[in-house]
Amino acid sequence: MAFQLSITLTPYILNEVSRDNLASTSLSASEELSNADTRHHIKRFSTDQSPVLTNARTLSSPSVYILPKQPARFYGRVEEVQSIQQSIDKNPSVTIRGIAGVGKSSIALRFAHQSKSQYSVIIWMRCEPKTALDHSCQEALRRLGVIGKAEKPGAEMRQKWRDYLAQAGFQWLVIFDNVEDAEDLNQYWPQDSSGKVIVTTRNPELGFQLTGDQIDIHPFSPEEGRKCVLSLTSWPGGVSSDPASAEELSNELGGLPIGIVQMVALMRKRKTPIKRFLEDYRQNKSAYHDKEVVSMTGIYPEIKPTIGSNWTMSFDSLQDRSKSLLGILSLLSPDSIPQELFNHWDGPQNQPTSGLPACCNDVDSFFDIQEELIGLALIEKDPNTGNMSLHRLEQVQFEHYLDLPSRQRAFEVAAKLLYDAFPNEQTGQRFTGTWDDCATYIQHAIVLNSHYLTRSSSPFQYLAPPEFTKLMAWCSWYLWEIADYSSFAKVLEGGKKACKSSPSDAFDDASWSLLNYNAGTVETSMGLFGPAENSLNEALKVRRKLGNKDDISATLNNLGLLYNSMHKFDLAEKHYSEALEIHLSRQDSVDRNLSLRMVKHNIQRNAIQSGENLPPLSELQETADFFRASISWWMEGHAYLVLGNLYLKLERYDDASDAYTAARDTLSREGRASKQPATAMVLYKLGYLAYQKSQFSEAVEILHKSTAISELYPAIPVEQARTQFMLAKALRQARHPRAAEEAEKKVKALMKQYCMSIGSQQVVTCSDIGDFSKFITAKYQ
């Protein structure tokens, strides 16, 4: 990719060289041609005669290069330049296509300067604004001696342009830069000639209409972007090298060269280290995007290339309905935005459409808007999936471009669309069977929430509609299921903020209780038992007021699980028993039977862990069989886990191994939970069993697999600490003392991390495997 960052860039110039001497000489716009060969070539085209070119003879070879100056700083893009060469060798014309600011023009210019030995004439034709094309044509013909200074642009001049290129008996190259529409070139396109044409454009269809081939230019990859930032910052007078922050900055800018150059220029000017600059930039991106840098210029000296101005003309040209759709897209994740999110035209008759743009109910209108956005290279569309995407900097700029009411409107519509699309089932494990659908929309909900939570210097803050609060509640539940605790915390924050910000007469008790219920469930999983108790009791209080028995029993069930985890077995049994009574009083249904069996399953676990009144094996096998026949593979896996625990308690190790293996196979099947804490915990159990059976090498192998998964979840350090503790014991028995010492160090570090997470200054020391169970959820004890 190419870009320019220079203090002394000269304007649009003509380089004129002889065939024997390729050293270029810069000429001002007022200088006459002095090359003798060129004067001989143009002699018969006296400007006084205003000749009409004919095919009576071909033109002899001049050496004329009308090009902007090469970029002072050009990084990478070797493969792209080579691709142009390979394509132009095989085709008379080629299109270089990419979004605004990606470097199409600079790459074409780089190729042109490198190709002087191949062409006698190279002409750069500026096509934006549209009046520039006539001016470029006029200037080129004057330089070539075809017309005089007095001749004005018009149809006759364009005919002379086409005739000149058609009759040339030498190799020439014409580059039409930044073409918007194929029709713009109708009167300039060469016919049957010995030359080549390159077109640069944002329009994805223009290459198909005009040229023999098309090369797409993409933003830098993370590695390319990092190297580019380091290359610019390391230039004399720059800032110190910081590869990690350099890649972070490039990623924040979506690898867009115009953004990288502008931000690095600002960084160099301020002498600010990359990491500090990145922190400042994130606080107010749009303000940084608008900053001009005197030392930074583009191919056309009168244009100061900035992120802030990169898309303005395109934004201004949009119809209002297209602005509405782009406003929604700007608040979502930039990649893989499903077309189905907007599809209410094929939805059920009772699907809510109130408050949505008209295009959501009219497929033709929607595709018309898409076509306009695609034509301006403001979005891309995957023809196989229908998914849309746009550049993250474009999103920032368009959000900033919209007036405040339009921004708020876009936020409200985005929340409604996502709420309608996101699953919200309530049977057993709520999202069993819908994880794929959840995964399709979760990133967009997370990004929308980030806009809601953003704290900037601007006084504008988004107001959350009721659908946003409900959306955050359901998203938080799904994020708990997939153990994405980091995203969970942010979504929970957004949901609770939205609840608290709503008017008192519109407070959403149901969403508030679900958010607290989800918070308590996750806090229990993380071993944060104090906060979990507060969250679950808050949820229970609200749900008792609302009177939904299923919700009340679910909260009682999770409070039982919490007290089970805290080894308060009597209190756990009390909550389980109340939940059981509620379900027994309900009418028979699939949902009721799943919930009833889940409570019985937890009562069985509580009895096994307390060591009192152990349930018969037949009951646990019956529970496993029930869930295996149900829709809940999650509960099936956990049922086998509890069955294994009972076998382990009875020291029936082979049977325990079979049960744990069944749990592992159920949970780790493709598309399920193969890389989640539940599977890591089952592997720990299998490793523990191997150790008990003195199969130390096998124990080491299995426990390593468990820790490989546990390390992905730093929010639950005690579970990994327990596995590392067991691994250290197995390593010592397998005669690997150094590896055992490393595992023991990790145990101490992980327990310190846990104590810090609960605000304890004293680090807990666990000297026996059983000590860890005091800090781990009952599900994994």
# chains A, B, ... in the order shown; residues from 1 in each chain; ligands from 1
>>> residues_around(residues="Gly207 of chain A", least_positions_apart="3", cutoff="9 Å", atoms="only C-alpha atoms", output="list in words")
Val94, Thr95, Ile96, Arg97, Ala182, Val199, Thr201, Asn203, Pro204, Leu210, Thr211, Gly212, Asp213, Gln214 and Ile215 of chain A
>>> select_by_dssp(residues="segment 137-369 of chain A", states="strand (DSSP E)", output="list in words")
Trp172, Leu173, Val174, Ile175, Phe176, Asp177, Asn178, Val179, Lys196, Val197, Ile198, Val199, Thr200, Thr201, Asp213, Gln214, Ile215 and Asp216 of chain A
>>> write_last_selection(atoms="N, CA and C atoms", output="PDB file, in the first residue's frame")
ATOM      1  N   TRP A 172       2.018   3.188 -24.910  1.00  0.00           N
ATOM      2  CA  TRP A 172       1.645   4.234 -23.968  1.00  0.00           C
ATOM      3  C   TRP A 172       0.781   3.640 -22.857  1.00  0.00           C
ATOM      4  N   LEU A 173       0.708   4.370 -21.766  1.00  0.00           N
ATOM      5  CA  LEU A 173      -0.104   3.965 -20.610  1.00  0.00           C
ATOM      6  C   LEU A 173      -0.890   5.180 -20.136  1.00  0.00           C
ATOM      7  N   VAL A 174      -2.206   5.020 -20.012  1.00  0.00           N
ATOM      8  CA  VAL A 174      -3.071   6.062 -19.470  1.00  0.00           C
ATOM      9  C   VAL A 174      -3.700   5.549 -18.176  1.00  0.00           C
ATOM     10  N   ILE A 175      -3.639   6.370 -17.148  1.00  0.00           N
ATOM     11  CA  ILE A 175      -4.231   6.011 -15.859  1.00  0.00           C
ATOM     12  C   ILE A 175      -5.363   6.981 -15.558  1.00  0.00           C
ATOM     13  N   PHE A 176      -6.577   6.476 -15.522  1.00  0.00           N
ATOM     14  CA  PHE A 176      -7.743   7.267 -15.131  1.00  0.00           C
ATOM     15  C   PHE A 176      -7.929   7.090 -13.621  1.00  0.00           C
ATOM     16  N   ASP A 177      -7.679   8.151 -12.885  1.00  0.00           N
ATOM     17  CA  ASP A 177      -7.660   8.045 -11.428  1.00  0.00           C
ATOM     18  C   ASP A 177      -8.976   8.474 -10.787  1.00  0.00           C
ATOM     19  N   ASN A 178      -9.518   7.577  -9.980  1.00  0.00           N
ATOM     20  CA  ASN A 178     -10.708   7.842  -9.157  1.00  0.00           C
ATOM     21  C   ASN A 178     -11.953   8.065 -10.016  1.00  0.00           C
ATOM     22  N   VAL A 179     -12.258   7.083 -10.839  1.00  0.00           N
ATOM     23  CA  VAL A 179     -13.437   7.132 -11.700  1.00  0.00           C
ATOM     24  C   VAL A 179     -14.662   6.709 -10.896  1.00  0.00           C
ATOM     25  N   LYS A 196      -2.055   0.823 -23.084  1.00  0.00           N
ATOM     26  CA  LYS A 196      -2.692   0.160 -21.954  1.00  0.00           C
ATOM     27  C   LYS A 196      -3.426   1.196 -21.106  1.00  0.00           C
ATOM     28  N   VAL A 197      -4.456   0.732 -20.402  1.00  0.00           N
ATOM     29  CA  VAL A 197      -5.251   1.615 -19.554  1.00  0.00           C
ATOM     30  C   VAL A 197      -5.386   1.024 -18.158  1.00  0.00           C
ATOM     31  N   ILE A 198      -5.176   1.864 -17.160  1.00  0.00           N
ATOM     32  CA  ILE A 198      -5.431   1.501 -15.768  1.00  0.00           C
ATOM     33  C   ILE A 198      -6.497   2.448 -15.236  1.00  0.00           C
ATOM     34  N   VAL A 199      -7.460   1.897 -14.522  1.00  0.00           N
ATOM     35  CA  VAL A 199      -8.527   2.686 -13.908  1.00  0.00           C
ATOM     36  C   VAL A 199      -8.498   2.449 -12.406  1.00  0.00           C
ATOM     37  N   THR A 200      -8.515   3.499 -11.615  1.00  0.00           N
ATOM     38  CA  THR A 200      -8.688   3.332 -10.166  1.00  0.00           C
ATOM     39  C   THR A 200     -10.092   3.795  -9.795  1.00  0.00           C
ATOM     40  N   THR A 201     -10.732   3.065  -8.895  1.00  0.00           N
ATOM     41  CA  THR A 201     -12.124   3.382  -8.557  1.00  0.00           C
ATOM     42  C   THR A 201     -12.520   2.741  -7.241  1.00  0.00           C
ATOM     43  N   ASP A 213      -9.600  -6.853 -16.531  1.00  0.00           N
ATOM     44  CA  ASP A 213      -9.294  -7.511 -15.258  1.00  0.00           C
ATOM     45  C   ASP A 213      -9.495  -6.498 -14.137  1.00  0.00           C
ATOM     46  N   GLN A 214      -9.573  -6.995 -12.913  1.00  0.00           N
ATOM     47  CA  GLN A 214      -9.730  -6.128 -11.743  1.00  0.00           C
ATOM     48  C   GLN A 214      -8.871  -6.649 -10.607  1.00  0.00           C
ATOM     49  N   ILE A 215      -8.196  -5.751  -9.935  1.00  0.00           N
ATOM     50  CA  ILE A 215      -7.373  -6.082  -8.769  1.00  0.00           C
ATOM     51  C   ILE A 215      -7.952  -5.332  -7.576  1.00  0.00           C
ATOM     52  N   ASP A 216      -8.345  -6.065  -6.560  1.00  0.00           N
ATOM     53  CA  ASP A 216      -8.911  -5.449  -5.362  1.00  0.00           C
ATOM     54  C   ASP A 216      -7.796  -5.142  -4.368  1.00  0.00           C
TER      55      ASP A 216
END
>>> residues_around(residues="segment 544-549 of chain A", least_positions_apart="6", cutoff="9 Å", atoms="only C-alpha atoms", output="PDB file with C-alpha atoms, in the first residue's frame")
ATOM      1  CA  ASP A 509     -38.625  -5.337  36.653  1.00  0.00           C
ATOM      2  CA  ALA A 510     -38.452  -8.506  34.557  1.00  0.00           C
ATOM      3  CA  ALA A 579     -38.103 -25.007  43.975  1.00  0.00           C
ATOM      4  CA  ILE A 582     -43.227 -25.203  42.840  1.00  0.00           C
ATOM      5  CA  HIS A 583     -42.502 -27.485  39.894  1.00  0.00           C
ATOM      6  CA  ARG A 586     -47.271 -26.965  37.856  1.00  0.00           C
TER       7      ARG A 586
END
>>> residues_around(residues="Phe529 of chain A", least_positions_apart="4", cutoff="9 Å", atoms="only C-alpha atoms", output="list in words")
Gly520, Glu523, Thr524, Ser525, Glu533, Asn534, Leu562, Tyr563, Ser565, Met566, Phe775 and Thr777 of chain A
>>> residues_around(residues="Glu372 of chain A", least_positions_apart="3", cutoff="12 Å", atoms="only C-alpha atoms", output="mmCIF file with N, CA and C atoms, in the first residue's frame")
data_model
loop_
_atom_site.group_PDB
_atom_site.id
_atom_site.type_symbol
_atom_site.label_atom_id
_atom_site.label_comp_id
_atom_site.auth_asym_id
_atom_site.auth_seq_id
_atom_site.Cartn_x
_atom_site.Cartn_y
_atom_site.Cartn_z
ATOM 1 N N ASN A 203 -15.880 2.021 -7.144
ATOM 2 C CA ASN A 203 -17.083 1.347 -7.651
ATOM 3 C C ASN A 203 -16.797 -0.131 -7.930
ATOM 4 N N PRO A 204 -17.467 -1.055 -7.241
ATOM 5 C CA PRO A 204 -17.162 -2.485 -7.407
ATOM 6 C C PRO A 204 -17.580 -3.047 -8.761
ATOM 7 N N GLU A 205 -18.471 -2.359 -9.476
ATOM 8 C CA GLU A 205 -18.954 -2.860 -10.766
ATOM 9 C C GLU A 205 -18.236 -2.235 -11.954
ATOM 10 N N SER A 314 -19.110 11.241 -0.352
ATOM 11 C CA SER A 314 -20.018 10.090 -0.490
ATOM 12 C C SER A 314 -21.200 10.219 0.464
ATOM 13 N N PHE A 315 -20.930 10.613 1.705
ATOM 14 C CA PHE A 315 -22.012 10.782 2.679
ATOM 15 C C PHE A 315 -23.012 11.835 2.188
ATOM 16 N N SER A 317 -23.787 12.673 -0.751
ATOM 17 C CA SER A 317 -24.549 12.298 -1.942
ATOM 18 C C SER A 317 -25.671 11.302 -1.650
ATOM 19 N N LEU A 318 -25.715 10.757 -0.432
ATOM 20 C CA LEU A 318 -26.683 9.713 -0.114
ATOM 21 C C LEU A 318 -28.101 10.255 0.017
ATOM 22 N N GLN A 319 -29.058 9.432 -0.405
ATOM 23 C CA GLN A 319 -30.460 9.719 -0.126
ATOM 24 C C GLN A 319 -30.713 9.534 1.376
ATOM 25 N N ASP A 320 -31.761 10.157 1.876
ATOM 26 C CA ASP A 320 -32.067 10.083 3.309
ATOM 27 C C ASP A 320 -32.280 8.648 3.768
ATOM 28 N N ARG A 321 -32.954 7.843 2.966
ATOM 29 C CA ARG A 321 -33.224 6.458 3.384
ATOM 30 C C ARG A 321 -31.929 5.648 3.441
ATOM 31 N N SER A 322 -30.970 5.977 2.583
ATOM 32 C CA SER A 322 -29.676 5.288 2.626
ATOM 33 C C SER A 322 -28.877 5.724 3.840
ATOM 34 N N LYS A 323 -29.014 7.001 4.201
ATOM 35 C CA LYS A 323 -28.354 7.476 5.418
ATOM 36 C C LYS A 323 -28.919 6.761 6.648
ATOM 37 N N LEU A 325 -30.094 3.668 6.838
ATOM 38 C CA LEU A 325 -29.532 2.321 6.933
ATOM 39 C C LEU A 325 -28.062 2.370 7.324
ATOM 40 N N LEU A 326 -27.301 3.290 6.726
ATOM 41 C CA LEU A 326 -25.879 3.382 7.057
ATOM 42 C C LEU A 326 -25.694 3.785 8.512
ATOM 43 N N SER A 365 -37.088 -1.961 -1.888
ATOM 44 C CA SER A 365 -36.521 -0.735 -1.324
ATOM 45 C C SER A 365 -35.185 -1.038 -0.639
ATOM 46 N N PHE A 366 -35.130 -2.137 0.079
ATOM 47 C CA PHE A 366 -33.895 -2.501 0.783
ATOM 48 C C PHE A 366 -32.752 -2.723 -0.210
ATOM 49 N N PHE A 367 -33.013 -3.452 -1.283
ATOM 50 C CA PHE A 367 -31.962 -3.728 -2.250
ATOM 51 C C PHE A 367 -31.557 -2.475 -3.025
ATOM 52 N N ASP A 368 -32.485 -1.557 -3.245
ATOM 53 C CA ASP A 368 -32.132 -0.289 -3.884
ATOM 54 C C ASP A 368 -31.144 0.492 -3.017
ATOM 55 N N ILE A 369 -31.399 0.501 -1.713
ATOM 56 C CA ILE A 369 -30.502 1.200 -0.788
ATOM 57 C C ILE A 369 -29.141 0.510 -0.753
ATOM 58 N N GLY A 375 -22.407 0.864 -4.514
ATOM 59 C CA GLY A 375 -21.862 1.630 -5.626
ATOM 60 C C GLY A 375 -20.901 2.715 -5.184
ATOM 61 N N LEU A 376 -21.106 3.268 -3.993
ATOM 62 C CA LEU A 376 -20.219 4.291 -3.441
ATOM 63 C C LEU A 376 -19.116 3.682 -2.576
ATOM 64 N N ALA A 377 -19.013 2.360 -2.592
ATOM 65 C CA ALA A 377 -18.003 1.625 -1.809
ATOM 66 C C ALA A 377 -18.113 1.932 -0.323
ATOM 67 N N LEU A 378 -19.323 2.208 0.146
ATOM 68 C CA LEU A 378 -19.537 2.444 1.572
ATOM 69 C C LEU A 378 -19.809 1.146 2.315
ATOM 70 N N ILE A 379 -20.288 0.142 1.612
ATOM 71 C CA ILE A 379 -20.411 -1.195 2.192
ATOM 72 C C ILE A 379 -19.963 -2.225 1.166
ATOM 73 N N GLU A 380 -19.610 -3.387 1.661
ATOM 74 C CA GLU A 380 -19.352 -4.563 0.831
ATOM 75 C C GLU A 380 -20.449 -5.580 1.146
#
>>> residues_around(residues="Ser710 of chain A", least_positions_apart="4", cutoff="9 Å", atoms="only C-alpha atoms", output="VMD selection string")
chain A and resid 675 to 677 680 to 681 705 to 706 714 716 to 717 719 to 720 723
>>> closest_residue(among="A:Asn518, A:Asn564, A:Gln82, A:Thr454", to="Ile608 of chain A", atoms="only C-alpha atoms")
A:Asn564
>>> residues_around(residues="Arg268 of chain A", least_positions_apart="2", cutoff="7 Å", atoms="only C-alpha atoms", output="ChimeraX atom specification")
/A:233,238-239,264-266,270-272
